[in-house]
>>> print(open('entry.cif').read())   # mmCIF, C-alpha atoms
data_upload
loop_
_atom_site.label_atom_id
_atom_site.label_comp_id
_atom_site.auth_asym_id
_atom_site.auth_seq_id
_atom_site.Cartn_x
_atom_site.Cartn_y
_atom_site.Cartn_z
CA MET A 970 12.11 -12.78 -1.07
CA SER A 971 14.61 -14.14 -3.62
CA LEU A 972 14.32 -13.50 -7.34
CA ILE A 973 11.75 -15.79 -8.98
CA ILE A 974 12.13 -16.87 -12.60
CA PRO A 975 8.77 -18.36 -13.64
CA ARG A 976 8.90 -21.47 -15.73
CA GLN A 977 8.19 -20.87 -19.43
CA TYR A 978 7.48 -17.18 -18.91
CA ARG A 979 6.21 -15.42 -22.04
CA ARG A 980 5.62 -11.69 -22.03
CA LYS A 981 2.22 -10.74 -23.39
CA LEU A 982 3.16 -7.24 -24.54
CA LEU A 983 6.21 -5.85 -26.30
CA PRO A 984 8.04 -3.10 -24.39
CA GLU A 985 6.63 -0.35 -26.63
CA THR A 986 3.07 -1.62 -26.18
CA THR A 987 3.71 -2.10 -22.47
CA GLU A 988 4.43 1.62 -22.15
CA VAL A 989 1.04 2.42 -23.70
CA ALA A 990 -0.68 -0.13 -21.45
CA ILE A 991 0.96 1.26 -18.29
CA LYS A 992 -0.47 4.71 -19.01
CA MET A 993 -3.88 3.22 -19.78
CA VAL A 994 -3.92 1.35 -16.46
CA LYS A 995 -2.79 4.35 -14.42
CA ASP A 996 -5.16 6.82 -16.10
CA ALA A 997 -8.16 4.52 -15.76
CA PHE A 998 -7.47 3.51 -12.18
CA GLN A 999 -6.91 6.96 -10.70
CA ALA A 1000 -9.93 8.43 -12.49
CA THR A 1001 -12.21 5.60 -11.33
CA LEU A 1002 -10.82 5.57 -7.79
CA ALA A 1003 -11.33 9.32 -7.47
CA LYS A 1004 -14.94 9.00 -8.62
CA GLU A 1005 -15.81 6.03 -6.40
CA LEU A 1006 -14.24 7.45 -3.21
CA ASN A 1007 -14.96 11.16 -3.83
CA LEU A 1008 -11.30 12.13 -4.04
CA ARG A 1009 -9.60 15.09 -5.70
CA ARG A 1010 -6.00 15.17 -6.81
CA VAL A 1011 -3.44 17.31 -4.96
CA THR A 1012 0.26 17.93 -5.47
CA ALA A 1013 2.59 16.07 -3.11
CA PRO A 1014 6.12 16.75 -1.86
CA LEU A 1015 9.06 14.53 -2.73
CA PHE A 1016 10.78 15.45 0.55
CA LEU A 1017 9.90 16.88 3.95
CA LEU A 1018 11.82 18.66 6.69
CA SER A 1019 13.18 16.26 9.29
CA GLY A 1020 11.94 16.47 12.85
CA THR A 1021 8.32 17.30 12.09
CA GLY A 1022 6.95 13.77 12.43
CA LEU A 1023 5.27 14.08 9.02
CA ASN A 1024 7.31 11.42 7.25
CA ASP A 1025 6.14 7.86 7.77
CA ASP A 1026 8.28 5.37 9.68
CA LEU A 1027 6.74 2.33 7.94
CA ASN A 1028 7.80 -0.47 10.31
CA GLY A 1029 9.54 2.03 12.56
CA VAL A 1030 13.12 1.05 11.73
CA GLU A 1031 13.73 2.12 8.13
CA HIS A 1032 15.96 5.13 7.45
CA ALA A 1033 14.98 7.78 4.94
CA VAL A 1034 17.29 9.20 2.28
CA SER A 1035 18.27 12.62 3.65
CA PHE A 1036 20.24 15.72 2.71
CA GLU A 1037 21.12 19.17 4.02
CA ILE A 1038 19.70 22.37 2.52
CA ASP A 1039 22.33 25.06 1.99
CA ALA A 1040 19.76 27.82 1.52
CA MET A 1041 18.17 27.01 4.89
CA GLY A 1042 21.29 27.01 7.03
CA GLY A 1043 21.96 23.32 6.68
CA ARG A 1044 18.53 22.16 7.85
CA LYS A 1045 17.95 18.51 7.10
CA ALA A 1046 15.30 17.18 4.74
CA GLU A 1047 14.37 13.59 3.94
CA VAL A 1048 12.76 11.86 0.99
CA VAL A 1049 9.28 10.63 1.89
CA HIS A 1050 8.54 6.98 2.65
CA SER A 1051 4.84 7.57 2.14
CA LEU A 1052 2.45 10.40 2.92
CA ALA A 1053 -0.05 9.00 5.44
CA LYS A 1054 0.45 11.77 8.00
CA TRP A 1055 1.04 14.56 5.47
CA LYS A 1056 -2.30 13.76 3.80
CA ARG A 1057 -4.19 13.99 7.06
CA CYS A 1058 -2.80 17.46 7.63
CA LYS A 1059 -3.93 18.42 4.13
CA LEU A 1060 -7.48 17.28 4.86
CA GLU A 1061 -7.48 19.82 7.68
CA ALA A 1062 -5.71 22.54 5.70
CA TYR A 1063 -8.17 22.28 2.80
CA GLY A 1064 -11.21 21.90 5.06
CA ILE A 1065 -12.34 18.71 3.30
CA PRO A 1066 -15.61 17.51 4.89
CA PRO A 1067 -16.54 13.93 5.83
CA GLY A 1068 -17.18 11.69 2.84
CA TYR A 1069 -14.63 13.45 0.65
CA GLY A 1070 -10.88 13.27 0.33
CA LEU A 1071 -7.76 13.59 -1.76
CA TYR A 1072 -5.20 11.50 -3.60
CA THR A 1073 -1.74 12.16 -4.92
CA ASP A 1074 1.18 10.60 -6.76
CA MET A 1075 3.72 9.58 -4.15
CA ASN A 1076 7.27 8.86 -5.24
CA ALA A 1077 9.81 7.48 -2.79
CA ILE A 1078 13.29 6.01 -2.60
CA ARG A 1079 13.68 3.07 -0.24
CA THR A 1080 17.32 2.09 -0.13
CA PHE A 1081 16.67 -0.68 2.39
CA GLU A 1082 14.44 -2.79 0.12
CA GLU A 1083 15.51 -6.29 -0.84
CA LEU A 1084 15.43 -6.11 -4.64
CA ASP A 1085 13.36 -8.85 -6.25
CA ASN A 1086 10.34 -9.33 -8.50
CA ILE A 1087 8.06 -6.98 -6.55
CA HIS A 1088 10.44 -4.77 -4.54
CA SER A 1089 12.34 -1.84 -6.01
CA LEU A 1090 14.44 1.08 -4.79
CA TYR A 1091 11.84 3.31 -6.45
CA VAL A 1092 8.33 3.27 -5.02
CA ASP A 1093 5.40 4.89 -6.79
CA GLN A 1094 1.92 4.73 -5.36
CA TRP A 1095 -1.38 6.54 -5.18
CA ASP A 1096 -1.57 7.88 -1.65
CA TRP A 1097 -5.16 8.71 -0.74
CA GLU A 1098 -6.90 10.00 2.37
CA LYS A 1099 -10.56 10.64 3.15
CA THR A 1100 -12.22 12.56 5.97
CA ILE A 1101 -14.68 10.46 7.99
CA ARG A 1102 -16.96 10.98 10.97
CA GLU A 1103 -16.04 9.59 14.36
CA GLU A 1104 -18.89 7.09 14.08
CA ASP A 1105 -17.32 5.76 10.84
CA ARG A 1106 -14.37 4.43 12.82
CA ASN A 1107 -15.58 0.84 12.63
CA ILE A 1108 -14.84 -2.41 10.81
CA GLY A 1109 -17.92 -2.13 8.61
CA TYR A 1110 -16.76 1.17 7.14
CA LEU A 1111 -13.29 -0.27 6.57
CA LYS A 1112 -14.69 -3.29 4.72
CA GLU A 1113 -16.99 -1.14 2.60
CA THR A 1114 -14.06 1.02 1.52
CA VAL A 1115 -11.84 -1.98 0.76
CA SER A 1116 -14.61 -3.55 -1.33
CA THR A 1117 -14.96 -0.34 -3.33
CA ILE A 1118 -11.22 -0.22 -4.04
CA TYR A 1119 -11.23 -3.88 -5.03
CA LYS A 1120 -14.11 -3.25 -7.44
CA VAL A 1121 -12.07 -0.47 -9.07
CA VAL A 1122 -9.16 -2.89 -9.53
CA ARG A 1123 -11.47 -5.42 -11.20
CA ASP A 1124 -13.01 -2.71 -13.40
CA VAL A 1125 -9.56 -1.76 -14.69
CA GLU A 1126 -8.70 -5.43 -15.18
CA GLN A 1127 -11.71 -5.60 -17.50
CA ILE A 1128 -10.51 -2.50 -19.38
CA VAL A 1129 -7.16 -4.22 -19.95
CA TYR A 1130 -8.95 -7.30 -21.26
CA GLU A 1131 -11.08 -5.28 -23.67
CA ARG A 1132 -7.96 -3.60 -25.10
CA PHE A 1133 -5.75 -6.71 -25.00
CA PRO A 1134 -8.03 -9.80 -25.14
CA HIS A 1135 -5.12 -12.22 -24.69
CA ILE A 1136 -4.60 -10.84 -21.16
CA THR A 1137 -7.51 -12.61 -19.52
CA PRO A 1138 -8.88 -11.53 -16.10
CA ARG A 1139 -7.85 -13.65 -13.13
CA LEU A 1140 -9.32 -11.89 -10.08
CA PRO A 1141 -12.30 -13.40 -8.22
CA GLU A 1142 -15.55 -11.46 -8.05
CA LYS A 1143 -15.34 -10.81 -4.30
CA ILE A 1144 -12.54 -10.14 -1.86
CA VAL A 1145 -12.41 -12.19 1.36
CA PHE A 1146 -11.83 -10.55 4.76
CA ILE A 1147 -9.88 -12.38 7.44
CA HIS A 1148 -8.22 -11.20 10.63
CA ALA A 1149 -4.50 -11.78 11.11
CA ASP A 1150 -5.22 -13.44 14.46
CA GLU A 1151 -7.62 -15.89 12.81
CA LEU A 1152 -4.89 -16.83 10.34
CA ALA A 1153 -2.44 -17.33 13.21
CA ARG A 1154 -4.89 -19.67 14.96
CA LEU A 1155 -5.66 -21.59 11.77
CA TYR A 1156 -1.99 -22.10 10.89
CA PRO A 1157 -0.02 -21.94 14.15
CA ASP A 1158 3.01 -23.71 12.69
CA MET A 1159 3.44 -21.22 9.83
CA GLY A 1160 5.07 -17.83 9.62
CA SER A 1161 3.00 -14.81 8.65
CA LYS A 1162 4.07 -14.83 4.99
CA GLU A 1163 3.25 -18.52 4.71
CA ARG A 1164 -0.21 -17.79 6.12
CA GLU A 1165 -0.68 -15.01 3.58
CA ALA A 1166 0.24 -17.41 0.80
CA VAL A 1167 -2.28 -20.02 1.94
CA ALA A 1168 -5.11 -17.49 2.22
CA ALA A 1169 -4.30 -15.70 -1.04
CA ARG A 1170 -3.95 -18.95 -2.99
CA GLU A 1171 -7.28 -20.25 -1.66
CA HIS A 1172 -9.33 -17.10 -2.21
CA GLY A 1173 -7.51 -15.18 -4.95
CA ALA A 1174 -7.94 -11.87 -3.13
CA VAL A 1175 -7.90 -11.27 0.63
CA PHE A 1176 -7.82 -8.35 3.01
CA ILE A 1177 -5.96 -9.24 6.20
CA ILE A 1178 -7.18 -7.12 9.12
CA GLY A 1179 -5.17 -6.10 12.16
CA ILE A 1180 -1.63 -5.56 10.83
CA GLY A 1181 0.61 -4.29 13.62
CA ALA A 1182 -1.02 -5.64 16.78
CA ASP A 1183 0.41 -8.59 18.68
CA LEU A 1184 -1.48 -11.78 17.84
CA CYS A 1185 -2.23 -14.95 19.79
CA ASP A 1186 1.37 -16.06 19.30
CA GLY A 1187 2.65 -12.84 20.85
CA LYS A 1188 3.99 -11.42 17.57
CA PRO A 1189 2.46 -9.01 15.03
CA HIS A 1190 1.56 -10.35 11.59
CA ASP A 1191 3.77 -7.62 10.15
CA GLY A 1192 5.28 -4.37 11.32
CA ARG A 1193 3.30 -1.15 11.27
CA ALA A 1194 4.33 2.21 12.68
CA PRO A 1195 2.24 3.30 15.70
CA ASP A 1196 1.25 6.75 14.45
CA TYR A 1197 -0.91 6.39 11.36
CA ASP A 1198 -3.01 3.18 11.12
CA ASP A 1199 -5.16 2.19 14.09
CA TRP A 1200 -4.20 -1.44 14.78
CA SER A 1201 -5.01 -1.57 18.49
CA THR A 1202 -8.64 -0.44 18.92
CA PRO A 1203 -11.10 -3.27 19.69
CA ASN A 1204 -13.61 -3.57 16.86
CA GLU A 1205 -17.18 -4.82 16.73
CA GLU A 1206 -16.05 -8.29 15.61
CA GLY A 1207 -14.21 -8.85 18.88
CA THR A 1208 -10.72 -8.46 17.46
CA LEU A 1209 -8.15 -5.66 17.44
CA GLY A 1210 -7.54 -3.23 14.63
CA LEU A 1211 -9.14 -1.09 11.97
CA ASN A 1212 -6.53 -1.53 9.26
CA GLY A 1213 -5.04 -4.16 6.99
CA ASP A 1214 -3.34 -5.26 3.78
CA LEU A 1215 -4.99 -6.02 0.44
CA ILE A 1216 -3.30 -9.10 -1.00
CA LEU A 1217 -3.85 -10.83 -4.35
CA TRP A 1218 -2.64 -14.22 -5.52
CA ASP A 1219 -0.13 -13.84 -8.34
CA SER A 1220 -0.47 -16.98 -10.45
CA ILE A 1221 2.59 -16.10 -12.53
CA LEU A 1222 5.03 -15.86 -9.62
CA GLU A 1223 2.87 -18.08 -7.37
CA ILE A 1224 3.19 -15.73 -4.42
CA PRO A 1225 0.91 -13.49 -2.31
CA PHE A 1226 1.02 -10.05 -3.94
CA GLU A 1227 0.47 -7.08 -1.63
CA LEU A 1228 -1.22 -4.27 -3.55
CA SER A 1229 -2.26 -1.90 -0.79
CA SER A 1230 -1.75 -1.13 2.88
CA MET A 1231 -4.55 0.96 4.35
CA GLY A 1232 -6.75 1.62 7.32
CA ILE A 1233 -8.71 3.90 9.55
CA ARG A 1234 -6.20 6.26 11.14
CA VAL A 1235 -5.38 6.63 14.81
CA SER A 1236 -7.53 8.74 17.09
CA PRO A 1237 -5.83 10.78 19.82
CA GLU A 1238 -6.51 7.95 22.26
CA SER A 1239 -5.20 5.13 20.04
CA LEU A 1240 -2.17 7.19 19.04
CA ARG A 1241 -1.14 7.64 22.66
CA HIS A 1242 -1.82 3.94 23.35
CA GLN A 1243 0.15 2.69 20.34
CA LEU A 1244 3.09 4.99 21.00
CA SER A 1245 3.21 3.61 24.52
CA LEU A 1246 3.03 0.00 23.30
CA ARG A 1247 5.99 0.57 21.00
CA GLY A 1248 8.05 2.58 23.48
CA ALA A 1249 7.79 5.69 21.30
CA SER A 1250 5.94 8.11 23.56
CA ASP A 1251 8.70 10.66 22.97
CA LYS A 1252 7.12 11.28 19.55
CA GLU A 1253 4.26 13.08 21.27
CA ARG A 1254 6.42 16.20 21.17
CA LEU A 1255 6.58 16.28 17.34
CA SER A 1256 4.38 18.79 15.53
CA PHE A 1257 2.14 16.26 13.76
CA HIS A 1258 1.58 14.29 16.93
CA ARG A 1259 0.87 17.40 18.99
CA MET A 1260 -1.79 18.46 16.48
CA LEU A 1261 -3.45 15.05 16.52
CA LEU A 1262 -3.41 14.73 20.29
CA ALA A 1263 -4.94 18.20 20.57
CA GLY A 1264 -7.85 17.14 18.33
CA GLN A 1265 -6.82 19.51 15.53
CA LEU A 1266 -6.87 16.89 12.76
CA PRO A 1267 -9.96 15.20 11.31
CA HIS A 1268 -10.75 11.51 11.64
CA SER A 1269 -9.71 9.82 8.42
CA ILE A 1270 -9.18 6.63 6.46
CA GLY A 1271 -6.46 6.22 3.89
CA GLY A 1272 -3.73 4.17 2.34
CA GLY A 1273 -1.34 3.62 -0.49
CA ILE A 1274 -1.91 1.64 -3.69
CA GLY A 1275 1.16 0.64 -5.66
CA GLN A 1276 1.12 2.06 -9.18
CA SER A 1277 3.82 -0.16 -10.66
CA ARG A 1278 2.51 -3.15 -8.75
CA LEU A 1279 -0.99 -2.63 -10.15
CA ALA A 1280 0.36 -2.34 -13.70
CA MET A 1281 2.58 -5.36 -13.18
CA PHE A 1282 -0.29 -7.51 -11.94
CA LEU A 1283 -2.89 -6.43 -14.49
CA LEU A 1284 -0.48 -6.75 -17.43
CA HIS A 1285 0.66 -10.21 -16.28
CA LYS A 1286 4.31 -9.24 -15.81
CA ALA A 1287 6.87 -11.28 -13.88
CA HIS A 1288 9.00 -8.41 -12.57
CA ILE A 1289 8.22 -4.89 -11.44
CA GLY A 1290 11.17 -3.73 -13.55
CA GLU A 1291 9.07 -4.50 -16.64
CA VAL A 1292 6.76 -1.58 -15.78
CA GLN A 1293 9.11 0.92 -14.10
CA ALA A 1294 12.62 2.24 -14.61
CA SER A 1295 14.92 1.54 -11.66
CA ILE A 1296 18.33 0.08 -10.79
CA TRP A 1297 18.89 -3.65 -10.41
CA PRO A 1298 21.84 -5.85 -9.45
CA GLU A 1299 23.73 -6.95 -12.56
CA GLU A 1300 23.20 -10.64 -11.85
CA GLN A 1301 19.45 -10.12 -11.44
CA ALA A 1302 19.25 -8.21 -14.72
CA ARG A 1303 21.23 -10.97 -16.46
CA LEU A 1304 18.97 -13.74 -15.15
CA CYS A 1305 15.87 -11.80 -16.16
CA ALA A 1306 17.18 -11.16 -19.67
CA ALA A 1307 17.98 -14.87 -20.11
CA ALA A 1308 14.38 -15.71 -19.16
CA GLY A 1309 12.84 -13.16 -21.54
CA ILE A 1310 12.02 -10.68 -18.77
CA GLU A 1311 12.99 -7.31 -20.22
CA LEU A 1312 13.63 -4.66 -17.55
CA LEU A 1313 12.98 -1.05 -18.52
#
>>> encode(input="entry.cif", output="C-alpha cells")
Amino acid sequence: MSLIIPRQYRRKLLPETTEVAIKMVKDAFQATLAKELNLRRVTAPLFLLSGTGLNDDLNGVEHAVSFEIDAMGGRKAEVVHSLAKWKRCKLEAYGIPPGYGLYTDMNAIRTFEELDNIHSLYVDQWDWEKTIREEDRNIGYLKETVSTIYKVVRDVEQIVYERFPHITPRLPEKIVFIHADELARLYPDMGSKEREAVAAREHGAVFIIGIGADLCDGKPHDGRAPDYDDWSTPNEEGTLGLNGDLILWDSILEIPFELSSMGIRVSPESLRHQLSLRGASDKERLSFHRMLLAGQLPHSIGGGIGQSRLAMFLLHKAHIGEVQASIWPEEQARLCAAAGIELL
C-alpha cells in the first residue's frame, strides 16, 4: 500500500495529549480483554533460539532479524515475528485449563514491511492464547470469541468518547462474519484486498474466515503459515477453516483496516495436513512440531491484536507513526509533516 494523505486531515489531539490517550486505550483494552476472555498476563521473550520452530513464519517467506550469541558458542537467535507457537507451549507449561488463557506484550521488528500509514518496522501487539476443549474446535466457538473481542474494542471506543467527546464512535454495533470463499464467489473479478475493501466499507466491521486455504479461484485469500492457525479443517458451515482476520473500515484513510489475525490452532492431524499442502513436512522434526504431533500440547485458540493499530483507529489518526516511535523514509516524513500528520 502506498502512503495515503487524507484530504483536509485535522488531528484531534495534540501530541502531548495523544501520549496520555495512548496509555488510556492500552490500559483499558488489555484489562477488559483479560476479564472477558479469562486471560492472565505473562512475560514474553523478544527473541528465541533459531531451529526450534517456535518463531512464527507468518506467510512462510519472511526472514527474521537474527544474531549470534557469543556466550553460547555462537548459537543463533532471532527476533520474534509473533508468539503463536510460544504461547501454546506456555499453556502447557503453566497447566492452564480449558476456558482460561494468557496474554502478553509482543514486540517485533519486521524489516520486510512496506512502510505506509498502517505498516511499520516496529510491531507491537497483544498476543493471547486460550486453552480449549477438543469439542470447542468449531466455527461457533470461533465466532463467539471474535464477537467478545469486538465488544471489547467497542467498549474502549466508548471510553475514548467519554474522555474526548469530539472523537465520536464510528464502529457498528455488530461484526459481520463472511468466508473468504464467499467473497471470492461474490466478486470474482477482484483481488483479495479489493474484496476486503468492499466488505469492510459495506459493513464497517467484518471477520473474514478461512485465511490460508485455497479458494474457488485456486488461490488463498492471503498467506498464512501452516503450523499455527487451522485453515484447512472442514467446518460445520460447509467451508474450510477455523481462523480469520478482523477487519474494520477506516473512514479517515478509506481503506480496510486489519486489527487482528486469529483462529483456532492446528490439531496434530491438521498440522500434518497443512505442512504437506505447503511442502513443509520437513518441519515435523522441529521441537515444537514434534510436541504437537505427539499430543503434548493443549488445543487452543489465539491471536494477535495490534496495539498501535488499535490506538491509531480509536484516536482517529491517519498514520501509525502518530501513536508509536519508529523509523520512516525521509520523503514520507516530509509529506506527513506538510499535511499536519506529526510522527512521533
>>> atom_distance(input="entry.cif", atom1="atom CA of A:Asn1107", atom2="atom CA of A:Met1075")
27.0 Å
>>> residues_around(input="entry.cif", residues="A:Ala1263", least_positions_apart="3", cutoff="12 Å", atoms="only C-alpha atoms", output="PyMOL selection string")
chain A and resi 1236-1238+1240-1241+1253-1254+1256-1260+1266-1267
>>> closest_residue(input="entry.cif", among="A:Lys1059, A:His1135, A:His1032, A:Lys1112", to="A:Glu1047", atoms="only C-alpha atoms")
A:His1032
>>> atom_distance(input="entry.cif", atom1="atom CA of A:Val1048", atom2="atom CA of A:Asp1093")
12.8 Å
>>> resolve_selection(input="entry.cif", expression="the PyMOL selection byres ((chain A and resi 1247) around 12)", output="list in words")
Asn1028, Gly1029, Val1030, Gly1181, Ala1182, Asp1183, Pro1189, Gly1192, Arg1193, Ala1194, Pro1195, Asp1196, Ser1201, Leu1240, Arg1241, His1242, Gln1243, Leu1244, Ser1245, Leu1246, Gly1248, Ala1249, Ser1250, Asp1251 and Lys1252 of chain A
>>> resolve_selection(input="entry.cif", expression="the PyMOL selection byres ((chain A and resi 1273-1290) around 6)", output="JSON, numbers by chain")
{"A": [991, 1086, 1087, 1093, 1094, 1095, 1096, 1126, 1228, 1229, 1230, 1272, 1291, 1292, 1293, 1312, 1313]}
>>> closest_residue(input="entry.cif", among="A:Thr1100, A:Asn1076, A:Gln1265, A:Ser1116", to="A:Phe1176", atoms="only C-alpha atoms")
A:Ser1116
>>> resolve_selection(input="entry.cif", expression="the PyMOL selection byres ((chain A and resi 1013) around 10)", output="NGL selection string")
:A and (1010-1012 or 1014-1016 or 1049 or 1052 or 1055-1056 or 1072-1076 or 1096)
>>> decode(input="entry.cif", residues="stretch 1199-1209 of chain A", atoms="all heavy atoms", output="PDB file, in the first residue's frame")
ATOM      1  N   ASP A1199      -5.552 -23.118  12.100  1.00  0.00           N
ATOM      2  CA  ASP A1199      -6.155 -24.208  11.328  1.00  0.00           C
ATOM      3  C   ASP A1199      -7.020 -23.599  10.231  1.00  0.00           C
ATOM      4  O   ASP A1199      -8.114 -23.107  10.486  1.00  0.00           O
ATOM      5  CB  ASP A1199      -7.010 -25.095  12.244  1.00  0.00           C
ATOM      6  CG  ASP A1199      -7.512 -26.347  11.535  1.00  0.00           C
ATOM      7  OD1 ASP A1199      -7.690 -26.305  10.305  1.00  0.00           O
ATOM      8  OD2 ASP A1199      -7.738 -27.354  12.224  1.00  0.00           O
ATOM      9  N   TRP A1200      -6.505 -23.620   8.984  1.00  0.00           N
ATOM     10  CA  TRP A1200      -7.254 -23.063   7.864  1.00  0.00           C
ATOM     11  C   TRP A1200      -7.727 -24.133   6.889  1.00  0.00           C
ATOM     12  O   TRP A1200      -8.289 -23.803   5.830  1.00  0.00           O
ATOM     13  CB  TRP A1200      -6.433 -22.015   7.120  1.00  0.00           C
ATOM     14  CG  TRP A1200      -4.970 -22.295   6.911  1.00  0.00           C
ATOM     15  CD1 TRP A1200      -3.930 -21.763   7.615  1.00  0.00           C
ATOM     16  CD2 TRP A1200      -4.374 -23.153   5.916  1.00  0.00           C
ATOM     17  NE1 TRP A1200      -2.730 -22.235   7.133  1.00  0.00           N
ATOM     18  CE2 TRP A1200      -2.974 -23.084   6.078  1.00  0.00           C
ATOM     19  CE3 TRP A1200      -4.891 -23.968   4.892  1.00  0.00           C
ATOM     20  CZ2 TRP A1200      -2.083 -23.796   5.266  1.00  0.00           C
ATOM     21  CZ3 TRP A1200      -4.005 -24.681   4.091  1.00  0.00           C
ATOM     22  CH2 TRP A1200      -2.627 -24.590   4.286  1.00  0.00           C
ATOM     23  N   SER A1201      -7.555 -25.398   7.241  1.00  0.00           N
ATOM     24  CA  SER A1201      -7.888 -26.460   6.283  1.00  0.00           C
ATOM     25  C   SER A1201      -8.985 -27.407   6.749  1.00  0.00           C
ATOM     26  O   SER A1201      -9.519 -28.176   5.945  1.00  0.00           O
ATOM     27  CB  SER A1201      -6.630 -27.287   5.973  1.00  0.00           C
ATOM     28  OG  SER A1201      -6.191 -27.989   7.127  1.00  0.00           O
ATOM     29  N   THR A1202      -9.347 -27.388   8.019  1.00  0.00           N
ATOM     30  CA  THR A1202     -10.346 -28.329   8.536  1.00  0.00           C
ATOM     31  C   THR A1202     -11.751 -27.942   8.065  1.00  0.00           C
ATOM     32  O   THR A1202     -12.157 -26.779   8.222  1.00  0.00           O
ATOM     33  CB  THR A1202     -10.310 -28.362  10.071  1.00  0.00           C
ATOM     34  OG1 THR A1202      -9.062 -28.911  10.486  1.00  0.00           O
ATOM     35  CG2 THR A1202     -11.445 -29.202  10.640  1.00  0.00           C
ATOM     36  N   PRO A1203     -12.520 -28.862   7.511  1.00  0.00           N
ATOM     37  CA  PRO A1203     -13.912 -28.564   7.161  1.00  0.00           C
ATOM     38  C   PRO A1203     -14.701 -28.196   8.407  1.00  0.00           C
ATOM     39  O   PRO A1203     -14.586 -28.848   9.449  1.00  0.00           O
ATOM     40  CB  PRO A1203     -14.414 -29.876   6.547  1.00  0.00           C
ATOM     41  CG  PRO A1203     -13.177 -30.591   6.095  1.00  0.00           C
ATOM     42  CD  PRO A1203     -12.121 -30.227   7.094  1.00  0.00           C
ATOM     43  N   ASN A1204     -15.481 -27.132   8.317  1.00  0.00           N
ATOM     44  CA  ASN A1204     -16.283 -26.704   9.471  1.00  0.00           C
ATOM     45  C   ASN A1204     -17.756 -27.004   9.241  1.00  0.00           C
ATOM     46  O   ASN A1204     -18.161 -27.464   8.169  1.00  0.00           O
ATOM     47  CB  ASN A1204     -16.047 -25.221   9.778  1.00  0.00           C
ATOM     48  CG  ASN A1204     -16.402 -24.319   8.601  1.00  0.00           C
ATOM     49  OD1 ASN A1204     -17.500 -24.381   8.058  1.00  0.00           O
ATOM     50  ND2 ASN A1204     -15.454 -23.463   8.197  1.00  0.00           N
ATOM     51  N   GLU A1205     -18.560 -26.736  10.264  1.00  0.00           N
ATOM     52  CA  GLU A1205     -19.970 -27.114  10.211  1.00  0.00           C
ATOM     53  C   GLU A1205     -20.782 -26.262   9.242  1.00  0.00           C
ATOM     54  O   GLU A1205     -21.968 -26.551   8.993  1.00  0.00           O
ATOM     55  CB  GLU A1205     -20.600 -27.066  11.612  1.00  0.00           C
ATOM     56  CG  GLU A1205     -20.539 -25.731  12.325  1.00  0.00           C
ATOM     57  CD  GLU A1205     -19.295 -25.564  13.184  1.00  0.00           C
ATOM     58  OE1 GLU A1205     -18.223 -26.053  12.803  1.00  0.00           O
ATOM     59  OE2 GLU A1205     -19.417 -24.927  14.239  1.00  0.00           O
ATOM     60  N   GLU A1206     -20.202 -25.223   8.670  1.00  0.00           N
ATOM     61  CA  GLU A1206     -20.896 -24.404   7.682  1.00  0.00           C
ATOM     62  C   GLU A1206     -20.599 -24.856   6.255  1.00  0.00           C
ATOM     63  O   GLU A1206     -21.021 -24.218   5.288  1.00  0.00           O
ATOM     64  CB  GLU A1206     -20.520 -22.937   7.872  1.00  0.00           C
ATOM     65  CG  GLU A1206     -21.024 -22.371   9.205  1.00  0.00           C
ATOM     66  CD  GLU A1206     -20.712 -20.892   9.373  1.00  0.00           C
ATOM     67  OE1 GLU A1206     -19.889 -20.370   8.584  1.00  0.00           O
ATOM     68  OE2 GLU A1206     -21.291 -20.276  10.277  1.00  0.00           O
ATOM     69  N   GLY A1207     -19.826 -25.941   6.138  1.00  0.00           N
ATOM     70  CA  GLY A1207     -19.535 -26.491   4.819  1.00  0.00           C
ATOM     71  C   GLY A1207     -18.381 -25.823   4.099  1.00  0.00           C
ATOM     72  O   GLY A1207     -18.215 -26.005   2.882  1.00  0.00           O
ATOM     73  N   THR A1208     -17.589 -25.051   4.830  1.00  0.00           N
ATOM     74  CA  THR A1208     -16.419 -24.407   4.244  1.00  0.00           C
ATOM     75  C   THR A1208     -15.172 -24.905   4.976  1.00  0.00           C
ATOM     76  O   THR A1208     -15.253 -25.710   5.911  1.00  0.00           O
ATOM     77  CB  THR A1208     -16.518 -22.877   4.370  1.00  0.00           C
ATOM     78  OG1 THR A1208     -16.708 -22.520   5.753  1.00  0.00           O
ATOM     79  CG2 THR A1208     -17.682 -22.341   3.553  1.00  0.00           C
ATOM     80  N   LEU A1209     -14.011 -24.404   4.553  1.00  0.00           N
ATOM     81  CA  LEU A1209     -12.757 -24.793   5.180  1.00  0.00           C
ATOM     82  C   LEU A1209     -12.263 -23.698   6.115  1.00  0.00           C
ATOM     83  O   LEU A1209     -12.361 -22.511   5.798  1.00  0.00           O
ATOM     84  CB  LEU A1209     -11.678 -25.057   4.121  1.00  0.00           C
ATOM     85  CG  LEU A1209     -11.903 -26.219   3.155  1.00  0.00           C
ATOM     86  CD1 LEU A1209     -10.734 -26.298   2.173  1.00  0.00           C
ATOM     87  CD2 LEU A1209     -12.046 -27.535   3.908  1.00  0.00           C
TER      88      LEU A1209
END
